[in-house]
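Novice: My structure is in entry-v7.pdb, and what it holds is PDB, C-alpha atoms:
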ATOM      1  CA  SER A   1     -24.262   4.861 -23.718
ATOM      2  CA  ALA A   2     -27.389   2.820 -24.299
ATOM      3  CA  ARG A   3     -27.061   1.100 -20.915
ATOM      4  CA  ALA A   4     -25.917   4.014 -18.826
ATOM      5  CA  SER A   5     -29.166   4.045 -16.849
ATOM      6  CA  PHE A   6     -28.540   0.470 -15.656
ATOM      7  CA  CYS A   7     -25.148   1.223 -14.156
ATOM      8  CA  ALA A   8     -24.922   2.538 -10.627
ATOM      9  CA  PRO A   9     -22.276   5.262 -10.366
ATOM     10  CA  PRO A  10     -19.025   4.026  -8.808
ATOM     11  CA  SER A  11     -18.046   5.334  -5.406
ATOM     12  CA  ARG A  12     -16.225   8.637  -5.649
ATOM     13  CA  HIS A  13     -13.089   7.620  -3.779
ATOM     14  CA  LYS A  14     -12.639   4.289  -5.567
ATOM     15  CA  THR A  15     -13.075   5.901  -8.971
ATOM     16  CA  GLN A  16     -10.522   8.578  -8.073
ATOM     17  CA  ASP A  17      -8.045   5.894  -6.983
ATOM     18  CA  LEU A  18      -8.407   3.962 -10.250
ATOM     19  CA  THR A  19      -8.119   7.138 -12.303
ATOM     20  CA  MET A  20      -4.994   8.208 -10.424
ATOM     21  CA  ILE A  21      -3.331   4.825 -10.991
ATOM     22  CA  SER A  22      -3.998   4.965 -14.729
ATOM     23  CA  ALA A  23      -2.929   8.610 -14.989
ATOM     24  CA  ALA A  24       0.268   8.007 -13.014
ATOM     25  CA  ALA A  25       1.257   5.092 -15.225
ATOM     26  CA  ALA A  26       0.538   7.073 -18.386
ATOM     27  CA  ALA A  27       2.469  10.097 -17.127
ATOM     28  CA  THR A  28       5.461   7.972 -16.194
ATOM     29  CA  ARG A  29       5.576   6.420 -19.657
ATOM     30  CA  LYS A  30       5.160   9.795 -21.346
ATOM     31  CA  HIS A  31       8.117  11.374 -19.590
ATOM     32  CA  ARG A  32      10.350   8.382 -20.009
ATOM     33  CA  THR A  33      12.242   8.623 -23.290
ATOM     34  CA  ARG A  34      13.776   5.761 -25.167
ATOM     35  CA  PRO A  35      17.603   5.774 -25.096
ATOM     36  CA  GLY A  36      19.064   7.019 -28.348
ATOM     37  CA  ASN A  37      21.563   4.193 -28.571
ATOM     38  CA  ILE A  38      20.824   0.999 -26.706
ATOM     39  CA  ALA A  39      23.986  -1.085 -26.479
ATOM     40  CA  GLY A  40      23.502  -4.803 -26.702
ATOM     41  CA  THR A  41      20.546  -7.129 -26.619
ATOM     42  CA  ALA A  42      20.463  -7.240 -22.802
ATOM     43  CA  ARG A  43      19.689  -3.525 -22.509
ATOM     44  CA  GLN A  44      17.203  -3.762 -25.377
ATOM     45  CA  LYS A  45      15.420  -6.620 -23.639
ATOM     46  CA  ALA A  46      15.385  -4.757 -20.321
ATOM     47  CA  TYR A  47      13.882  -1.714 -22.006
ATOM     48  CA  GLU A  48      11.173  -3.788 -23.720
ATOM     49  CA  GLU A  49      10.300  -5.521 -20.446
ATOM     50  CA  GLN A  50      10.008  -2.143 -18.729
ATOM     51  CA  GLU A  51       7.724  -0.867 -21.490
ATOM     52  CA  LYS A  52       5.535  -3.978 -21.168
ATOM     53  CA  PHE A  53       5.315  -3.525 -17.403
ATOM     54  CA  TRP A  54       4.004   0.039 -17.686
ATOM     55  CA  HIS A  55       1.650  -0.860 -20.529
ATOM     56  CA  ASP A  56       0.209  -3.779 -18.529
ATOM     57  CA  LEU A  57      -0.209  -1.538 -15.489
ATOM     58  CA  GLU A  58      -2.220   0.966 -17.521
ATOM     59  CA  GLU A  59      -4.380  -1.787 -19.011
ATOM     60  CA  GLN A  60      -5.063  -3.332 -15.606
ATOM     61  CA  ALA A  61      -6.179   0.030 -14.238
ATOM     62  CA  LYS A  62      -8.528   0.515 -17.205
ATOM     63  CA  LEU A  63     -10.015  -2.972 -16.787
ATOM     64  CA  LYS A  64     -10.563  -2.440 -13.051
ATOM     65  CA  LYS A  65     -12.337   0.830 -13.750
ATOM     66  CA  LEU A  66     -14.507  -0.790 -16.438
ATOM     67  CA  LEU A  67     -15.429  -3.724 -14.221
ATOM     68  CA  HIS A  68     -16.310  -1.349 -11.371
ATOM     69  CA  LYS A  69     -18.652   0.531 -13.708
ATOM     70  CA  TYR A  70     -20.675  -2.524 -14.751
ATOM     71  CA  ASP A  71     -20.458  -4.423 -11.451
ATOM     72  CA  THR A  72     -23.754  -2.988 -10.234
ATOM     73  CA  ASP A  73     -24.158  -5.369  -7.287
ATOM     74  CA  LYS A  74     -20.545  -4.761  -6.188
ATOM     75  CA  GLN A  75     -19.617  -8.442  -5.999
ATOM     76  CA  GLY A  76     -16.220  -7.823  -7.579
ATOM     77  CA  TYR A  77     -17.104  -9.573 -10.844
ATOM     78  CA  LEU A  78     -19.645  -9.468 -13.685
ATOM     79  CA  GLY A  79     -22.529 -11.906 -13.628
ATOM     80  CA  ARG A  80     -24.438 -12.845 -16.753
ATOM     81  CA  LYS A  81     -26.784  -9.840 -16.673
ATOM     82  CA  GLU A  82     -23.992  -7.356 -16.003
ATOM     83  CA  LEU A  83     -21.861  -8.866 -18.769
ATOM     84  CA  GLY A  84     -24.846  -8.503 -21.092
ATOM     85  CA  HIS A  85     -24.994  -4.763 -20.352
ATOM     86  CA  LEU A  86     -21.297  -4.412 -21.204
ATOM     87  CA  LEU A  87     -21.603  -6.376 -24.456
ATOM     88  CA  THR A  88     -24.641  -4.288 -25.422
ATOM     89  CA  ASP A  89     -22.711  -1.063 -24.972
ATOM     90  CA  LEU A  90     -19.782  -2.473 -26.967
ATOM     91  CA  ASN A  91     -22.247  -3.346 -29.743
ATOM     92  CA  HIS A  92     -23.733   0.153 -30.147
ATOM     93  CA  GLY A  93     -26.797  -0.625 -28.041
ATOM     94  CA  GLU A  94     -27.713  -3.937 -29.690
ATOM     95  CA  ALA A  95     -27.991  -6.637 -27.053
ATOM     96  CA  PRO A  96     -26.458 -10.081 -27.593
ATOM     97  CA  THR A  97     -28.751 -13.073 -27.884
ATOM     98  CA  ASP A  98     -28.887 -15.410 -24.895
ATOM     99  CA  GLU A  99     -26.713 -17.897 -26.756
ATOM    100  CA  GLU A 100     -24.157 -15.254 -27.756
ATOM    101  CA  LEU A 101     -23.974 -14.029 -24.167
ATOM    102  CA  LEU A 102     -23.484 -17.562 -22.860
ATOM    103  CA  TRP A 103     -20.828 -18.241 -25.491
ATOM    104  CA  VAL A 104     -18.797 -15.148 -24.527
ATOM    105  CA  LEU A 105     -19.206 -15.946 -20.834
ATOM    106  CA  ARG A 106     -18.075 -19.558 -21.165
ATOM    107  CA  THR A 107     -15.202 -18.758 -23.524
ATOM    108  CA  ALA A 108     -13.787 -15.958 -21.356
ATOM    109  CA  ASP A 109     -14.543 -17.761 -18.098
ATOM    110  CA  SER A 110     -12.365 -20.669 -19.217
ATOM    111  CA  LYS A 111      -9.298 -18.400 -19.455
ATOM    112  CA  ASN A 112      -8.274 -19.153 -15.870
ATOM    113  CA  ARG A 113      -9.751 -22.669 -15.959
ATOM    114  CA  ASN A 114     -11.906 -22.015 -12.901
ATOM    115  CA  HIS A 115     -15.317 -22.023 -14.680
ATOM    116  CA  ASP A 116     -17.162 -20.087 -11.981
ATOM    117  CA  ASP A 117     -19.839 -18.684 -14.318
ATOM    118  CA  HIS A 118     -18.804 -15.053 -13.969
ATOM    119  CA  ILE A 119     -16.168 -12.680 -15.314
ATOM    120  CA  ASP A 120     -13.530 -11.245 -12.993
ATOM    121  CA  VAL A 121     -10.963  -8.587 -13.841
ATOM    122  CA  THR A 122      -8.449 -11.171 -15.103
ATOM    123  CA  GLU A 123     -11.016 -12.467 -17.622
ATOM    124  CA  LEU A 124     -12.548  -9.171 -18.689
ATOM    125  CA  ASP A 125     -10.070  -8.460 -21.473
ATOM    126  CA  GLU A 126     -10.726 -11.927 -22.915
ATOM    127  CA  ALA A 127     -14.505 -11.352 -22.858
ATOM    128  CA  ILE A 128     -14.088  -8.053 -24.725
ATOM    129  CA  HIS A 129     -11.703  -9.610 -27.245
ATOM    130  CA  VAL A 130     -14.001 -12.591 -27.875
ATOM    131  CA  TRP A 131     -17.064 -10.396 -28.367
ATOM    132  CA  LYS A 132     -15.347  -7.922 -30.691
ATOM    133  CA  GLY A 133     -13.917 -10.773 -32.737
ATOM    134  CA  TYR A 134     -17.325 -12.411 -32.941
ATOM    135  CA  ARG A 135     -18.981  -9.200 -34.121
ATOM    136  CA  ALA A 136     -16.199  -8.580 -36.657
ATOM    137  CA  ASN A 137     -16.809 -12.068 -38.097
ATOM    138  CA  ALA A 138     -20.604 -11.619 -38.270
ATOM    139  CA  PRO A 139     -20.707 -10.675 -42.002
ATOM    140  CA  MET A 140     -18.555 -13.683 -42.902
ATOM    141  CA  ILE A 141     -20.721 -16.012 -40.796
ATOM    142  CA  ALA A 142     -23.904 -14.648 -42.373
ATOM    143  CA  ASP A 143     -22.428 -15.158 -45.845
ATOM    144  CA  ALA A 144     -21.447 -18.741 -44.976
ATOM    145  CA  PHE A 145     -25.033 -19.534 -43.991
ATOM    146  CA  ARG A 146     -26.403 -17.928 -47.162
ATOM    147  CA  ARG A 147     -24.118 -20.149 -49.218
ATOM    148  CA  TYR A 148     -24.134 -23.447 -47.371
ATOM    149  CA  ASP A 149     -27.335 -23.641 -45.298
ATOM    150  CA  THR A 150     -29.210 -24.746 -48.401
ATOM    151  CA  ASN A 151     -32.294 -26.025 -46.581
ATOM    152  CA  ARG A 152     -32.446 -22.911 -44.353
ATOM    153  CA  SER A 153     -32.497 -24.974 -41.163
ATOM    154  CA  GLY A 154     -30.452 -22.418 -39.232
ATOM    155  CA  GLN A 155     -27.518 -24.780 -38.856
ATOM    156  CA  LEU A 156     -24.909 -26.416 -41.067
ATOM    157  CA  GLU A 157     -25.450 -30.153 -41.217
ATOM    158  CA  THR A 158     -22.676 -32.618 -41.949
ATOM    159  CA  GLN A 159     -22.392 -32.289 -45.754
ATOM    160  CA  GLN A 160     -23.069 -28.550 -45.631
ATOM    161  CA  PHE A 161     -20.389 -28.118 -43.002
ATOM    162  CA  LYS A 162     -17.978 -30.209 -45.081
ATOM    163  CA  ALA A 163     -18.574 -27.894 -48.054
ATOM    164  CA  PHE A 164     -17.865 -24.900 -45.826
ATOM    165  CA  LEU A 165     -14.605 -26.421 -44.556
ATOM    166  CA  THR A 166     -13.635 -27.120 -48.149
ATOM    167  CA  SER A 167     -13.931 -23.381 -48.859
ATOM    168  CA  LEU A 168     -11.579 -22.692 -45.932
ATOM    169  CA  ASN A 169      -9.153 -25.331 -47.184
ATOM    170  CA  ASP A 170      -8.445 -23.832 -50.624
ATOM    171  CA  GLY A 171     -10.957 -26.108 -52.294
ATOM    172  CA  VAL A 172      -9.526 -29.334 -50.882
ATOM    173  CA  PRO A 173     -12.290 -31.364 -49.160
ATOM    174  CA  PRO A 174     -11.493 -32.491 -45.625
ATOM    175  CA  SER A 175     -11.866 -36.149 -44.785
ATOM    176  CA  ASP A 176     -15.097 -37.366 -43.219
ATOM    177  CA  GLU A 177     -13.116 -38.067 -40.045
ATOM    178  CA  GLU A 178     -11.924 -34.461 -39.908
ATOM    179  CA  VAL A 179     -15.460 -33.148 -40.422
ATOM    180  CA  GLN A 180     -16.719 -35.305 -37.551
ATOM    181  CA  LEU A 181     -13.823 -34.259 -35.338
ATOM    182  CA  ILE A 182     -14.617 -30.549 -35.710
ATOM    183  CA  MET A 183     -18.365 -31.077 -35.451
ATOM    184  CA  GLN A 184     -17.978 -33.037 -32.225
ATOM    185  CA  LYS A 185     -15.959 -30.192 -30.731
ATOM    186  CA  ALA A 186     -18.205 -27.344 -31.885
ATOM    187  CA  ASP A 187     -21.722 -28.812 -31.775
ATOM    188  CA  GLY A 188     -22.940 -28.277 -28.226
ATOM    189  CA  HIS A 189     -20.124 -25.876 -27.334
ATOM    190  CA  VAL A 190     -22.755 -23.540 -25.856
ATOM    191  CA  GLU A 191     -26.108 -25.307 -25.805
ATOM    192  CA  ALA A 192     -27.024 -29.000 -26.071
ATOM    193  CA  PRO A 193     -25.763 -30.765 -29.242
ATOM    194  CA  SER A 194     -28.196 -30.494 -32.152
ATOM    195  CA  GLY A 195     -26.480 -32.476 -34.890
ATOM    196  CA  GLY A 196     -25.381 -29.337 -36.734
ATOM    197  CA  ILE A 197     -23.378 -26.128 -36.365
ATOM    198  CA  ASN A 198     -25.303 -22.910 -35.722
ATOM    199  CA  LYS A 199     -24.024 -19.367 -36.218
ATOM    200  CA  THR A 200     -22.601 -18.990 -32.726
ATOM    201  CA  GLU A 201     -20.885 -22.374 -32.882
ATOM    202  CA  LEU A 202     -19.416 -21.671 -36.320
ATOM    203  CA  ASN A 203     -16.918 -19.178 -34.866
ATOM    204  CA  PHE A 204     -15.607 -21.865 -32.539
ATOM    205  CA  ALA A 205     -15.652 -24.453 -35.341
ATOM    206  CA  ILE A 206     -13.480 -22.199 -37.525
ATOM    207  CA  ALA A 207     -10.963 -21.806 -34.696
ATOM    208  CA  CYS A 208     -10.942 -25.586 -34.194
ATOM    209  CA  TRP A 209     -10.386 -26.166 -37.912
ATOM    210  CA  TYR A 210      -7.400 -23.838 -38.146
ATOM    211  CA  THR A 211      -5.906 -25.309 -34.977
ATOM    212  CA  HIS A 212      -6.322 -28.764 -36.512
ATOM    213  CA  THR A 213      -4.670 -27.775 -39.789
ATOM    214  CA  GLU A 214      -1.714 -26.221 -37.950
ATOM    215  CA  GLU A 215      -1.296 -29.402 -35.935
ATOM    216  CA  MET A 216      -1.371 -31.434 -39.137
ATOM    217  CA  LYS A 217       1.307 -29.202 -40.712
ATOM    218  CA  SER A 218       3.539 -29.715 -37.683
ATOM    219  CA  CYS A 219       3.224 -33.484 -38.227
ATOM    220  CA  TRP A 220       4.554 -33.484 -41.785
ATOM    221  CA  GLY A 221       7.698 -35.551 -42.019
ATOM    222  CA  ARG A 222       7.178 -37.303 -38.712
ATOM    223  CA  LYS A 223       6.774 -41.064 -38.552
ATOM    224  CA  LYS A 224       4.172 -40.938 -35.801
ATOM    225  CA  CYS A 225       1.660 -38.191 -35.280
ATOM    226  CA  CYS A 226      -1.912 -38.319 -34.142
ATOM    227  CA  VAL A 227      -4.068 -35.221 -33.702
ATOM    228  CA  MET A 228      -7.391 -36.835 -34.414
TER     229      MET A 228
END
Would you put the structure from the file into C-alpha coordinates?

Specialist:
Amino acid sequence: SARASFCAPPSRHKTQDLTMISAAAAATRKHRTRPGNIAGTARQKAYEEQEKFWHDLEEQAKLKKLLHKYDTDKQGYLGRKELGHLLTDLNHGEAPTDEELLWVLRTADSKNRNHDDHIDVTELDEAIHVWKGYRANAPMIADAFRRYDTNRSGQLETQQFKAFLTSLNDGVPPSDEEVQLIMQKADGHVEAPSGGINKTELNFAIACWYTHTEEMKSCWGRKKCCVM
(Lines of atoms letter the chains of each structure in order from A and count residues from 1; the text may use other names and numbers.)
(Lines give C-alpha, C1' and ligand atoms only; values in the text may rest on other atoms or scores of the structure.)
Protein backbone atom coordinates (compact mmCIF):
# COMPACT_ATOMS: atom_id res chain seq x y z
CA SER A 1 0.00 0.00 0.00
CA ALA A 2 0.98 3.63 -0.39
CA ARG A 3 1.62 4.00 3.34
CA ALA A 4 3.24 0.68 4.05
CA SER A 5 6.59 2.32 4.80
CA PHE A 6 5.03 4.34 7.65
CA CYS A 7 3.70 1.31 9.49
CA ALA A 8 5.94 -0.54 11.90
CA PRO A 9 5.47 -4.30 11.57
CA PRO A 10 3.33 -5.77 14.35
CA SER A 11 4.96 -8.07 16.87
CA ARG A 12 5.11 -11.63 15.62
CA HIS A 13 3.30 -13.26 18.53
CA LYS A 14 0.48 -10.70 18.71
CA THR A 15 -0.14 -10.92 14.98
CA GLN A 16 -0.25 -14.72 15.18
CA ASP A 17 -2.77 -14.53 18.04
CA LEU A 18 -5.07 -12.20 16.10
CA THR A 19 -4.79 -14.32 12.97
CA MET A 20 -5.58 -17.49 14.90
CA ILE A 21 -8.69 -15.92 16.47
CA SER A 22 -10.02 -14.83 13.08
CA ALA A 23 -9.17 -18.17 11.45
CA ALA A 24 -10.77 -20.16 14.27
CA ALA A 25 -13.99 -18.17 14.05
CA ALA A 26 -14.11 -18.54 10.27
CA ALA A 27 -13.42 -22.27 10.44
CA THR A 28 -16.12 -22.79 13.05
CA ARG A 29 -18.69 -21.00 10.90
CA LYS A 30 -17.63 -22.90 7.78
CA HIS A 31 -18.11 -26.32 9.33
CA ARG A 32 -21.37 -25.43 11.00
CA THR A 33 -24.26 -26.14 8.65
CA ARG A 34 -27.68 -24.61 8.83
CA PRO A 35 -30.39 -27.07 9.94
CA GLY A 36 -32.48 -28.26 7.03
CA ASN A 37 -35.75 -27.71 8.85
CA ILE A 38 -35.81 -25.25 11.71
CA ALA A 39 -38.96 -25.76 13.75
CA GLY A 40 -40.51 -22.64 15.17
CA THR A 41 -39.45 -19.05 15.51
CA ALA A 42 -37.53 -19.70 18.75
CA ARG A 43 -35.04 -22.02 17.04
CA GLN A 44 -34.81 -19.68 14.06
CA LYS A 45 -34.02 -16.77 16.36
CA ALA A 46 -31.44 -18.81 18.27
CA TYR A 47 -29.74 -19.77 15.02
CA GLU A 48 -29.65 -16.15 13.80
CA GLU A 49 -28.20 -14.98 17.12
CA GLN A 50 -25.51 -17.66 16.90
CA GLU A 51 -24.65 -16.58 13.36
CA LYS A 52 -24.40 -12.94 14.48
CA PHE A 53 -22.13 -13.91 17.37
CA TRP A 54 -19.62 -15.67 15.10
CA HIS A 55 -19.79 -12.91 12.49
CA ASP A 56 -19.14 -10.24 15.14
CA LEU A 57 -16.24 -12.26 16.53
CA GLU A 58 -14.62 -12.42 13.10
CA GLU A 59 -15.13 -8.69 12.54
CA GLN A 60 -13.66 -7.81 15.93
CA ALA A 61 -10.56 -9.88 15.20
CA LYS A 62 -10.13 -8.13 11.83
CA LEU A 63 -10.52 -4.68 13.41
CA LYS A 64 -7.99 -5.49 16.15
CA LYS A 65 -5.50 -6.65 13.54
CA LEU A 66 -6.07 -3.51 11.44
CA LEU A 67 -5.69 -1.20 14.42
CA HIS A 68 -2.49 -2.99 15.46
CA LYS A 69 -1.08 -2.41 11.98
CA TYR A 70 -1.61 1.36 11.97
CA ASP A 71 -1.02 1.96 15.69
CA THR A 72 2.66 2.74 15.14
CA ASP A 73 3.29 4.16 18.61
CA LYS A 74 1.53 1.18 20.25
CA GLN A 75 -0.80 3.29 22.38
CA GLY A 76 -3.75 0.99 21.70
CA TYR A 77 -5.59 3.52 19.54
CA LEU A 78 -5.14 5.65 16.40
CA GLY A 79 -4.20 9.28 16.80
CA ARG A 80 -4.85 11.84 14.09
CA LYS A 81 -1.68 11.08 12.10
CA GLU A 82 -2.16 7.32 12.27
CA LEU A 83 -5.81 7.65 11.24
CA GLY A 84 -4.66 9.76 8.30
CA HIS A 85 -2.39 6.93 7.13
CA LEU A 86 -5.31 4.48 7.27
CA LEU A 87 -7.66 6.81 5.37
CA THR A 88 -4.96 7.39 2.75
CA ASP A 89 -4.58 3.67 2.15
CA LEU A 90 -8.37 3.26 1.94
CA ASN A 91 -8.41 6.05 -0.66
CA HIS A 92 -5.87 4.48 -3.05
CA GLY A 93 -2.97 6.58 -1.76
CA GLU A 94 -4.73 9.96 -1.85
CA ALA A 95 -4.50 11.60 1.55
CA PRO A 96 -7.52 13.29 3.13
CA THR A 97 -7.45 17.04 3.66
CA ASP A 98 -6.97 18.25 7.22
CA GLU A 99 -10.66 19.09 7.42
CA GLU A 100 -11.73 15.70 6.05
CA LEU A 101 -9.47 13.94 8.54
CA LEU A 102 -10.86 15.99 11.43
CA TRP A 103 -14.42 15.34 10.27
CA VAL A 104 -13.92 11.55 10.19
CA LEU A 105 -12.15 11.64 13.55
CA ARG A 106 -14.86 13.68 15.27
CA THR A 107 -17.73 11.73 13.71
CA ALA A 108 -16.32 8.31 14.61
CA ASP A 109 -15.00 9.46 17.98
CA SER A 110 -18.52 10.46 19.00
CA LYS A 111 -19.76 6.87 18.58
CA ASN A 112 -19.06 6.04 22.23
CA ARG A 113 -19.72 9.61 23.39
CA ASN A 114 -16.32 9.88 25.06
CA HIS A 115 -14.76 12.42 22.63
CA ASP A 116 -11.15 11.60 23.49
CA ASP A 117 -9.73 12.75 20.13
CA HIS A 118 -8.56 9.32 19.01
CA ILE A 119 -10.00 6.15 17.49
CA ASP A 120 -10.04 2.93 19.50
CA VAL A 121 -11.04 -0.51 18.25
CA THR A 122 -14.73 0.07 19.09
CA GLU A 123 -14.76 3.18 16.87
CA LEU A 124 -12.62 1.93 14.01
CA ASP A 125 -15.46 0.39 12.03
CA GLU A 126 -17.38 3.68 12.26
CA ALA A 127 -14.35 5.65 10.99
CA ILE A 128 -14.01 3.32 8.00
CA HIS A 129 -17.74 3.47 7.27
CA VAL A 130 -17.83 7.28 7.50
CA TRP A 131 -14.82 7.70 5.22
CA LYS A 132 -16.04 5.25 2.58
CA GLY A 133 -19.46 6.87 2.59
CA TYR A 134 -17.90 10.30 2.25
CA ARG A 135 -15.76 9.21 -0.70
CA ALA A 136 -18.74 7.50 -2.36
CA ASN A 137 -20.70 10.78 -2.10
CA ALA A 138 -17.84 12.90 -3.50
CA PRO A 139 -19.19 13.03 -7.11
CA MET A 140 -22.63 14.07 -5.86
CA ILE A 141 -21.13 16.75 -3.60
CA ALA A 142 -18.97 18.09 -6.44
CA ASP A 143 -22.03 18.24 -8.71
CA ALA A 144 -24.01 20.10 -6.03
CA PHE A 145 -21.31 22.77 -5.82
CA ARG A 146 -21.15 23.10 -9.61
CA ARG A 147 -24.89 23.72 -9.67
CA TYR A 148 -25.53 25.80 -6.58
CA ASP A 149 -22.28 27.56 -5.63
CA THR A 150 -23.02 30.21 -8.24
CA ASN A 151 -20.50 32.75 -6.96
CA ARG A 152 -17.78 30.08 -6.59
CA SER A 153 -17.12 30.99 -2.96
CA GLY A 154 -16.40 27.39 -1.97
CA GLN A 155 -19.45 27.20 0.26
CA LEU A 156 -23.23 27.21 -0.11
CA GLU A 157 -24.70 30.36 1.36
CA THR A 158 -28.25 30.57 2.66
CA GLN A 159 -30.21 30.93 -0.61
CA GLN A 160 -27.87 28.55 -2.44
CA PHE A 161 -28.27 25.99 0.30
CA LYS A 162 -32.05 26.43 0.20
CA ALA A 163 -32.01 25.70 -3.54
CA PHE A 164 -29.96 22.57 -2.88
CA LEU A 165 -32.40 21.36 -0.20
CA THR A 166 -35.24 22.00 -2.63
CA SER A 167 -33.59 19.55 -5.05
CA LEU A 168 -33.49 16.94 -2.27
CA ASN A 169 -37.12 17.61 -1.42
CA ASP A 170 -38.65 16.75 -4.81
CA GLY A 171 -38.77 20.39 -5.84
CA VAL A 172 -40.63 21.58 -2.75
CA PRO A 173 -38.75 24.50 -1.12
CA PRO A 174 -38.08 24.10 2.60
CA SER A 175 -39.14 26.89 4.91
CA ASP A 176 -36.61 29.53 5.91
CA GLU A 177 -36.78 28.14 9.45
CA GLU A 178 -35.84 24.67 8.20
CA VAL A 179 -32.93 26.05 6.18
CA GLN A 180 -31.61 27.87 9.25
CA LEU A 181 -32.08 24.79 11.42
CA ILE A 182 -29.92 22.62 9.15
CA MET A 183 -27.35 25.35 8.59
CA GLN A 184 -26.94 25.89 12.32
CA LYS A 185 -26.28 22.19 12.80
CA ALA A 186 -23.88 21.74 9.88
CA ASP A 187 -22.00 25.05 9.69
CA GLY A 188 -19.08 24.70 12.08
CA HIS A 189 -19.51 20.94 12.49
CA VAL A 190 -15.75 20.58 11.91
CA GLU A 191 -14.16 24.02 11.86
CA ALA A 192 -15.40 27.40 13.11
CA PRO A 193 -18.75 28.56 11.62
CA SER A 194 -18.33 30.50 8.38
CA GLY A 195 -21.89 31.44 7.48
CA GLY A 196 -22.11 28.79 4.76
CA ILE A 197 -21.83 25.05 4.12
CA ASN A 198 -18.58 23.76 2.63
CA LYS A 199 -18.05 20.41 0.90
CA THR A 200 -17.14 18.51 4.05
CA GLU A 201 -20.07 19.96 5.98
CA LEU A 202 -22.52 19.21 3.17
CA ASN A 203 -22.40 15.46 3.91
CA PHE A 204 -23.46 16.15 7.48
CA ALA A 205 -26.07 18.67 6.33
CA ILE A 206 -27.65 16.06 4.04
CA ALA A 207 -27.86 13.59 6.92
CA CYS A 208 -29.43 16.28 9.12
CA TRP A 209 -31.98 17.12 6.42
CA TYR A 210 -33.13 13.53 5.96
CA THR A 211 -33.31 13.03 9.72
CA HIS A 212 -35.44 16.17 9.93
CA THR A 213 -37.80 15.06 7.17
CA GLU A 214 -38.26 11.64 8.80
CA GLU A 215 -39.07 13.33 12.10
CA MET A 216 -41.60 15.54 10.34
CA LYS A 217 -43.25 12.50 8.71
CA SER A 218 -43.58 10.83 12.11
CA CYS A 219 -45.43 13.95 13.33
CA TRP A 220 -48.18 13.83 10.70
CA GLY A 221 -51.55 13.41 12.34
CA ARG A 222 -50.35 14.37 15.79
CA LYS A 223 -51.78 17.38 17.58
CA LYS A 224 -48.46 18.38 19.11
CA CYS A 225 -45.08 17.84 17.57
CA CYS A 226 -42.00 19.97 17.60
CA VAL A 227 -38.74 18.96 15.93
CA MET A 228 -37.48 22.42 15.17

Novice: For each of A:Gln60, A:Ser110, A:Asn91, A:Gln155, take the minimum atom-to-atom distance to A:Pro193, counting all atoms listed in the file, then give the residue where this is smallest.

Specialist: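 Closest candidate: A:Gln155.
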
Novice: Could you give me, as a list in words, the residues within 12 Å of A:Lys185, counting only C-alpha atoms and dropping anything in the same chain fewer than 2 positions from it?

Specialist: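 The contact residues come out as Glu178, Val179, Gln180, Leu181, Ile182, Met183, Asp187, Gly188, His189, Val190, Pro193, Gly195, Gly196, Ile197, Glu201, Leu202, Asn203, Phe204, Ala205, Ile206, Ala207, Cys208, Trp209, Thr211, His212 and Met228 of chain A.
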
Novice: May I have the residues within 9 Å of A:Lys199 as a ChimeraX atom specification, using all atoms listed in the file and disregarding those fewer than 4 positions away in the same chain?

Specialist: /A:138,141-142,145,154-156,203

Novice: What is the atom CA of A:Asp120-atom CA of A:Leu67 distance in Å, reported with one decimal?

Specialist: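 Separation of atom CA of A:Asp120 and atom CA of A:Leu67: 7.9 Å.
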
Novice: One number please: atom CA of A:Arg147 to atom CA of A:Glu99, in Å, one decimal.

Specialist: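 Straight-line distance from atom CA of A:Arg147 to atom CA of A:Glu99 works out to 22.7 Å.
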
Novice: Please, which residues are within 9 Å of (-16.1, -20.5, -45.7) by the file's coordinates, counting all atoms listed in the file, and could they come as a PDB file with C-alpha atoms, in the coordinates of the input?

Specialist:
ATOM      1  CA  MET A 140     -18.555 -13.683 -42.902  1.00  0.00           C
ATOM      2  CA  ILE A 141     -20.721 -16.012 -40.796  1.00  0.00           C
ATOM      3  CA  ASP A 143     -22.428 -15.158 -45.845  1.00  0.00           C
ATOM      4  CA  ALA A 144     -21.447 -18.741 -44.976  1.00  0.00           C
ATOM      5  CA  ARG A 147     -24.118 -20.149 -49.218  1.00  0.00           C
ATOM      6  CA  TYR A 148     -24.134 -23.447 -47.371  1.00  0.00           C
ATOM      7  CA  ALA A 163     -18.574 -27.894 -48.054  1.00  0.00           C
ATOM      8  CA  PHE A 164     -17.865 -24.900 -45.826  1.00  0.00           C
ATOM      9  CA  LEU A 165     -14.605 -26.421 -44.556  1.00  0.00           C
ATOM     10  CA  THR A 166     -13.635 -27.120 -48.149  1.00  0.00           C
ATOM     11  CA  SER A 167     -13.931 -23.381 -48.859  1.00  0.00           C
ATOM     12  CA  LEU A 168     -11.579 -22.692 -45.932  1.00  0.00           C
ATOM     13  CA  ASN A 169      -9.153 -25.331 -47.184  1.00  0.00           C
ATOM     14  CA  ILE A 206     -13.480 -22.199 -37.525  1.00  0.00           C
TER      15      ILE A 206
END

Novice: Just how far from atom CA of A:Asn114 is atom CA of A:Gly84, in Å to one decimal?

Specialist: 20.4 Å

Novice: Quick one: everything within 10 Å of stretch 127-133 of chain A, counting only C-alpha atoms, minus sequence neighbours fewer than 3 positions away in the same chain. Send it as a list in words.

Specialist: Leu83, Leu86, Leu87, Leu90, Asn91, Pro96, Glu100, Leu101, Trp103, Val104, Leu105, Arg106, Thr107, Ala108, Asp109, Lys111, Ile119, Asp120, Thr122, Glu123, Leu124, Ala136, Asn137, Ala138 and Asn203 of chain A

Novice: Residues near A:Tyr77, anyone? I mean within 9 Å using all atoms listed in the file, not counting same-chain ones fewer than 2 positions away, as a VMD selection string.

Specialist: chain A and resid 67 to 68 70 to 71 73 to 75 79 82 118 to 121

Novice: Identify which of the residues A:Arg146, A:Leu63, A:Thr72, A:Ala42 lies closest to A:Glu126, counting only C-alpha atoms when measuring atom-to-atom distances.

Specialist: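 Closest to A:Glu126, using only C-alpha atoms: A:Leu63.
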
Novice: Of the candidates A:Ser175, A:Thr88, A:Thr213, A:Thr200, which shows the shortest atom-to-atom distance to A:Gln159, using all atoms listed in the file?

Specialist: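 Smallest distance to A:Gln159 is found for A:Ser175.
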
Novice: Got a sec: who's within 8 Å of A:Lys162, counting all atoms listed in the file, leaving out chain neighbours fewer than 5 positions off, as a list in words?

Specialist: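 In the requested format, the answer is Pro173, Pro174, Asp176 and Val179 of chain A.
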
Novice: Assuming 8 Å of padding per side, give the centre and edge lengths of the axis-aligned box around every listed atom of stretch 183-198 of chain A, in Å to one decimal and as AutoDock Vina command-line options.

Specialist:
--center_x -22.1 --center_y -28.0 --center_z -31.3 --size_x 28.2 --size_y 26.1 --size_z 26.9
